[in-house]
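*Asks:* First the structure, which I've put down as structure tokens, then a few questions once you've had a look.
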Amino acid sequence: MARRNRDDDLLLEEDELTAAFLGDDEPGSVQATDAPQPQPANPADDQWDEDEAVPGQLAVDVYETKEKLVVKARTAGVNKNELDVSISDNQLTIRGTLSAGTEDDVENYFLQECYWGEFSRTIALPVPVKEDEIEAVLKDGVLTISFGKVKQDSVKKIQVL
């Protein structure tokens, strides 16, 4: 479906939507709305506070096999002695610290995308597991945690009284 804008140029509605999301303000483009865009109450609120310690969140893959539930996390650069893995109430928590070493002579970063520092992730396990059948292995920068699954009984018929 197409329509014409003020300059009688053919513009697809899909292009308008894309322009609205991408903030396309080039001359001749049609804006999704003429309303002013909201501005933060205090521009300083958008500033990143370097003193504020916020742990990074660890990315994980969670899958199951016939007998096991497996959680994998990329933990390259983490010493196994700096990993804390625990389970409580069917929730798995992985904590650790990524150390970049010391770069005391750095004057200016041109690009800094790597996260260094503490990280933490707590996930609710999707199936019941045997908490006494857990194996955690750190190999080639990948933490693999395997749980024995609790076998679910077949459907039980409940008698209504």
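To be explicit about the labels: the chains of the structure tokens are called A, B, and onward in the order shown, and within each one the residues are counted from 1, while ligands get numbers from 1 in the order they are shown.
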Which neighbours of Ser120 in chain A fall inside 8 Å, counting only C-alpha atoms, when residues of the same chain fewer than 5 positions from it are skipped, and could you give them as a count of residues only?
*Replies:* 8
*Asks:* Could you list, as a PyMOL selection string, every residue within 8 Å of range 127-140 of chain A, counting only C-alpha atoms and ignoring same-chain residues fewer than 5 positions away?
*Replies:* chain A and resi 69+76+80+87+90+145-150
*Asks:* Would you write out those residues with N, CA and C atoms, as a short mmCIF file (atom, residue, chain, number, x, y, z; two decimals), in the first residue's frame?
*Replies:*
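Heads up, here's the output in result_10.cif:
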```cif
data_model
loop_
_atom_site.label_atom_id
_atom_site.label_comp_id
_atom_site.auth_asym_id
_atom_site.auth_seq_id
_atom_site.Cartn_x
_atom_site.Cartn_y
_atom_site.Cartn_z
N LEU A 69 19.56 -31.88 31.93
CA LEU A 69 19.36 -30.47 31.62
C LEU A 69 20.76 -29.87 31.59
N ALA A 76 35.02 -17.08 28.91
CA ALA A 76 36.43 -16.92 28.53
C ALA A 76 37.07 -15.83 29.37
N LYS A 80 38.69 -20.62 36.97
CA LYS A 80 37.68 -21.44 37.64
C LYS A 80 37.62 -21.18 39.14
N ILE A 87 23.06 -23.62 43.47
CA ILE A 87 21.67 -23.91 43.14
C ILE A 87 20.86 -23.90 44.43
N ASN A 90 15.63 -24.76 42.82
CA ASN A 90 15.56 -24.92 41.36
C ASN A 90 15.98 -23.65 40.61
N ILE A 145 27.29 -26.83 32.72
CA ILE A 145 26.72 -27.39 33.95
C ILE A 145 25.63 -28.36 33.53
N SER A 146 25.78 -29.63 33.95
CA SER A 146 24.81 -30.67 33.58
C SER A 146 24.10 -31.15 34.83
N PHE A 147 22.79 -31.27 34.74
CA PHE A 147 21.95 -31.71 35.84
C PHE A 147 21.22 -32.98 35.44
N GLY A 148 21.12 -33.93 36.36
CA GLY A 148 20.24 -35.07 36.13
C GLY A 148 18.81 -34.60 36.29
N LYS A 149 17.93 -34.97 35.37
CA LYS A 149 16.54 -34.53 35.45
C LYS A 149 15.74 -35.47 36.34
N VAL A 150 14.77 -34.90 37.07
CA VAL A 150 13.84 -35.69 37.86
C VAL A 150 12.82 -36.25 36.89
#
```
*Asks:* Interatomic distance between CA of Tyr63 in chain A and CA of Trp116 in chain A?
*Replies:* 27.2 Å
*Asks:* Kindly indicate which residue among A:Thr97, A:Tyr115, A:Ile123, A:Val160 lies nearest to Val78 in chain A, using only C-alpha atoms for the distances.
*Replies:*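 Selected residue with least distance to Val78 in chain A: A:Thr97.
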